[in-house]
Amino acid sequence: MRRTLVAIVFFGALLLIWQTATASGRWSPVLLPPPWLVAQYLWDAGRDGSLLEATLVTVKRLLVGYVIGIVIGLPLGLLTSTSRYLEDTVGALALGLQTLPSVCWVPLALLWFGQTEFAMLFVVVMGTMWSVVLATNSGARNIPPIYARAARTMGSRGVDMWTHVILPAALPYVVSGMKQGWAFAWRSLMAAEIFVTILTGFGLGQILQYGRELNAMDQVIGVMLVIVAIGLAADKLLFSPWERFLHRRWGTGLK
Amino acid sequence: MNTPSFELQAAPPAKLVVEGVSKWFRTPRAEVQALDNINLRVAEGEFVCLVGPSGCGKTTLLDIMAGLTKADNGRVLSDGEAVDGPGRHRLVMFQEPALFPWLDAFGNVMFGLKRKPGLSDSKRREIADHHLRLVGLETFRNADVHELSGGMKQRVALARALAPDPSVLLMDEPFAALDAITREQLYGDLQDIWHKRRKTIVFVTHDVREAACLGDRVFLLSPSPGRIREEFTIPLARPRDINSPELAAIVQRITLALRSHLVESREAAE
């Protein structure tokens, strides 16, 4: 209750500063629109459905690409953890490509796939996958060997060992890798949408870009707020439950 | 092993047989013999302790019995069948509890049960709850591993090892990391459970008192290479108190023997 209050006061103060700054008249309202203009844009765009449609297009690209990235990255990470050779080859490749800012995939994706949904998906998958591979690999390698020994004596082996011992034991690593993958995917998708017009669907990045071209700063800031909100929602809905579970079970970070 | 000669063998039937087991460890620099021609017969329902100083290969021997390590020579028979890899018929309790932090106490006890075929799920739950009661942790059924004290963790590990009703229970210094008070409590619990269940137990320790308190027989191992040097039968009635004077007398005898073997093997090394 008290924490909610503190948060409300903090964000209220930010709005007030923003309002005061625009009311002072020192900056052109074209460059810095007052909060109510942004609110007006969000209201209108929300009512005519354009904002919701763009959000759905973007979130769908993100989720589909993200899931594909995990579905490929998780087994690949487990696989690289099984052998020194795989770590020296596939692991090194993953490390290299993970350090590559994923927006760098955009030009290549465009040349390979053209201005299609597939190009967007490709960028998101590349943003997600390598982080997941690396985190899963190091997670599986850092499991105390005693877990596997105990599990073997209890009759666990093969697929059962992977799914019921190694993966859950590596979960703290895997979840943080998934979180990083999400952040990379989200950034690269926005960059791709701002760069490229895909005719099969206008995402948030494209609306943001049109806002710039039309000098509609209220639209630019409004869309930015939506992007922030999606990021926060993803954190709360996708990752917080997992992290709470991990903290509770592992007894870490209780503060 | 369905040969007639096997059936004619003298009773009681051995639950676990170690036959001429030797083991070498190869490092880039040298080859070290860890175990030399170990022979051992453990009868059904017997509590056997292996005692020796660190480095005598007792943990290696236990690993070989469990099937976690392969012997270079010799073999281990469990219920008359050669051991080839780990399996749920010979469950191990390690020095660390080795509980899985992603499961609660109940989930940990269920782990082995879930991998035992031929049980309904409700039966498995019933067995798991029964064993949590057996180790006195029924109120901690849904506790997370980090919420349990060291002694409680080892009790959950004991319940986890007992629940699938293994043919043999192998214990590798399971109480070594606990404080003395908790340890003495667990000696009582373990004797009580052993009395009720008549499990065949092989218990490895470096603590002579612990071995004499728990075992029907105590085998003395000496290091480099690990050999069985002597066997003691502990005639005391159960439950035994680790602080009783009768026990102290036996402990003294075993300790003296242990010391003389140590001197011998040191002289042999020189």
# chains A, B, ... in the order shown; residues from 1 in each chain; ligands from 1
>>> interface_residues(of="chain A", to="chain B", cutoff="6 Å", atoms="only C-alpha atoms", output="JSON, numbers by chain")
{"A": [147, 153, 154, 155, 249, 250, 251]}
>>> residues_around(residues="segment 65-72 of chain A", least_positions_apart="2", cutoff="12 Å", atoms="only C-alpha atoms", output="PyMOL selection string")
chain A and resi 58-63+74-79+117-136+174-175+177-186+188-189+238
>>> write_last_selection(atoms="N, CA and C atoms", output="compact mmCIF listing (two decimals), in the first residue's frame")
# COMPACT_ATOMS: atom_id res chain seq x y z
N THR A 58 2.68 -6.38 -33.60
CA THR A 58 4.01 -6.42 -33.01
C THR A 58 4.16 -7.55 -32.00
N VAL A 59 3.17 -7.66 -31.10
CA VAL A 59 3.26 -8.68 -30.04
C VAL A 59 3.25 -10.08 -30.66
N LYS A 60 2.47 -10.24 -31.73
CA LYS A 60 2.43 -11.56 -32.37
C LYS A 60 3.80 -11.90 -32.96
N ARG A 61 4.39 -10.94 -33.67
CA ARG A 61 5.74 -11.19 -34.22
C ARG A 61 6.70 -11.56 -33.10
N LEU A 62 6.61 -10.80 -32.03
CA LEU A 62 7.54 -11.00 -30.92
C LEU A 62 7.35 -12.38 -30.29
N LEU A 63 6.09 -12.72 -29.97
CA LEU A 63 5.84 -13.97 -29.27
C LEU A 63 6.20 -15.18 -30.13
N LEU A 74 16.88 -23.89 -26.45
CA LEU A 74 16.95 -24.71 -25.25
C LEU A 74 17.62 -26.07 -25.51
N PRO A 75 17.13 -26.84 -26.49
CA PRO A 75 17.80 -28.13 -26.76
C PRO A 75 19.23 -27.94 -27.23
N LEU A 76 19.46 -26.87 -28.02
CA LEU A 76 20.81 -26.63 -28.52
C LEU A 76 21.77 -26.34 -27.36
N GLY A 77 21.30 -25.59 -26.38
CA GLY A 77 22.11 -25.29 -25.20
C GLY A 77 22.40 -26.54 -24.40
N LEU A 78 21.37 -27.39 -24.24
CA LEU A 78 21.58 -28.65 -23.52
C LEU A 78 22.59 -29.51 -24.26
N LEU A 79 22.46 -29.51 -25.58
CA LEU A 79 23.36 -30.32 -26.42
C LEU A 79 24.80 -29.84 -26.29
N GLU A 117 6.93 -10.87 -43.42
CA GLU A 117 6.82 -11.25 -42.01
C GLU A 117 8.02 -12.09 -41.60
N PHE A 118 8.46 -12.90 -42.55
CA PHE A 118 9.52 -13.84 -42.24
C PHE A 118 10.81 -13.12 -41.83
N ALA A 119 11.06 -11.99 -42.48
CA ALA A 119 12.24 -11.21 -42.13
C ALA A 119 12.16 -10.74 -40.68
N MET A 120 10.96 -10.31 -40.26
CA MET A 120 10.75 -9.86 -38.88
C MET A 120 11.00 -11.01 -37.90
N LEU A 121 10.39 -12.15 -38.24
CA LEU A 121 10.54 -13.32 -37.37
C LEU A 121 12.00 -13.70 -37.23
N PHE A 122 12.69 -13.68 -38.36
CA PHE A 122 14.11 -14.07 -38.36
C PHE A 122 14.90 -13.20 -37.39
N VAL A 123 14.65 -11.90 -37.44
CA VAL A 123 15.39 -10.99 -36.55
C VAL A 123 15.08 -11.30 -35.08
N VAL A 124 13.82 -11.57 -34.79
CA VAL A 124 13.44 -11.87 -33.41
C VAL A 124 14.08 -13.19 -32.95
N VAL A 125 14.03 -14.19 -33.82
CA VAL A 125 14.61 -15.49 -33.46
C VAL A 125 16.11 -15.33 -33.18
N MET A 126 16.80 -14.58 -34.02
CA MET A 126 18.24 -14.39 -33.82
C MET A 126 18.52 -13.64 -32.53
N GLY A 127 17.63 -12.72 -32.19
CA GLY A 127 17.80 -11.98 -30.94
C GLY A 127 17.64 -12.87 -29.72
N THR A 128 16.70 -13.82 -29.82
CA THR A 128 16.37 -14.67 -28.67
C THR A 128 17.34 -15.82 -28.49
N MET A 129 17.56 -16.51 -29.61
CA MET A 129 18.13 -17.86 -29.57
C MET A 129 19.48 -17.95 -28.89
N TRP A 130 20.40 -17.08 -29.25
CA TRP A 130 21.78 -17.25 -28.78
C TRP A 130 21.90 -17.05 -27.29
N SER A 131 21.13 -16.11 -26.76
CA SER A 131 21.15 -15.92 -25.30
C SER A 131 20.65 -17.18 -24.60
N VAL A 132 19.61 -17.77 -25.16
CA VAL A 132 19.05 -18.98 -24.54
C VAL A 132 20.05 -20.13 -24.63
N VAL A 133 20.70 -20.26 -25.78
CA VAL A 133 21.71 -21.33 -25.93
C VAL A 133 22.80 -21.19 -24.87
N LEU A 134 23.34 -19.96 -24.76
CA LEU A 134 24.45 -19.75 -23.84
C LEU A 134 24.04 -19.97 -22.39
N ALA A 135 22.86 -19.44 -22.02
CA ALA A 135 22.42 -19.58 -20.63
C ALA A 135 22.14 -21.03 -20.29
N THR A 136 21.50 -21.74 -21.20
CA THR A 136 21.18 -23.15 -20.94
C THR A 136 22.46 -23.96 -20.83
N VAL A 174 18.55 -20.67 -16.97
CA VAL A 174 17.71 -20.66 -18.16
C VAL A 174 16.76 -19.47 -18.14
N VAL A 175 16.16 -19.21 -16.97
CA VAL A 175 15.21 -18.10 -16.90
C VAL A 175 15.90 -16.77 -17.15
N GLY A 177 18.55 -16.34 -18.93
CA GLY A 177 18.86 -16.32 -20.36
C GLY A 177 17.63 -15.99 -21.19
N MET A 178 16.48 -16.51 -20.78
CA MET A 178 15.24 -16.23 -21.51
C MET A 178 14.87 -14.76 -21.38
N LYS A 179 15.17 -14.22 -20.21
CA LYS A 179 14.86 -12.80 -19.99
C LYS A 179 15.75 -11.92 -20.87
N GLN A 180 17.01 -12.29 -20.93
CA GLN A 180 17.94 -11.53 -21.79
C GLN A 180 17.52 -11.67 -23.25
N GLY A 181 17.17 -12.89 -23.63
CA GLY A 181 16.72 -13.14 -25.00
C GLY A 181 15.51 -12.30 -25.35
N TRP A 182 14.60 -12.19 -24.38
CA TRP A 182 13.41 -11.37 -24.59
C TRP A 182 13.80 -9.90 -24.83
N ALA A 183 14.72 -9.40 -24.02
CA ALA A 183 15.13 -8.01 -24.17
C ALA A 183 15.77 -7.77 -25.53
N PHE A 184 16.64 -8.70 -25.94
CA PHE A 184 17.29 -8.55 -27.25
C PHE A 184 16.27 -8.62 -28.38
N ALA A 185 15.34 -9.56 -28.27
CA ALA A 185 14.34 -9.75 -29.32
C ALA A 185 13.46 -8.50 -29.46
N TRP A 186 13.06 -7.96 -28.34
CA TRP A 186 12.19 -6.79 -28.30
C TRP A 186 12.88 -5.59 -28.93
N SER A 188 15.44 -5.64 -31.08
CA SER A 188 15.71 -5.83 -32.50
C SER A 188 14.43 -5.74 -33.33
N LEU A 189 13.33 -6.19 -32.76
CA LEU A 189 12.07 -6.10 -33.50
C LEU A 189 11.69 -4.64 -33.71
N LEU A 238 5.35 -12.63 -17.76
CA LEU A 238 6.14 -13.77 -18.23
C LEU A 238 7.22 -14.19 -17.24
>>> residues_around(residues="Leu16 of chain B", least_positions_apart="5", cutoff="12 Å", atoms="only C-alpha atoms", output="PyMOL selection string")
chain B and resi 39-48+62+64-66+75-83+89-90+167-170+200-202
>>> atom_distance(atom1="atom CA of Asp189 of chain B", atom2="atom CA of Ile250 of chain B")
21.9 Å
>>> select_by_dssp(residues="segment 31-257 of chain B", states="strand (DSSP E or B)", output="PyMOL selection string")
chain B and resi 31-43+47-51+73-78+81-82+90-93+104+144+168-172+200-205+217-222+226-233
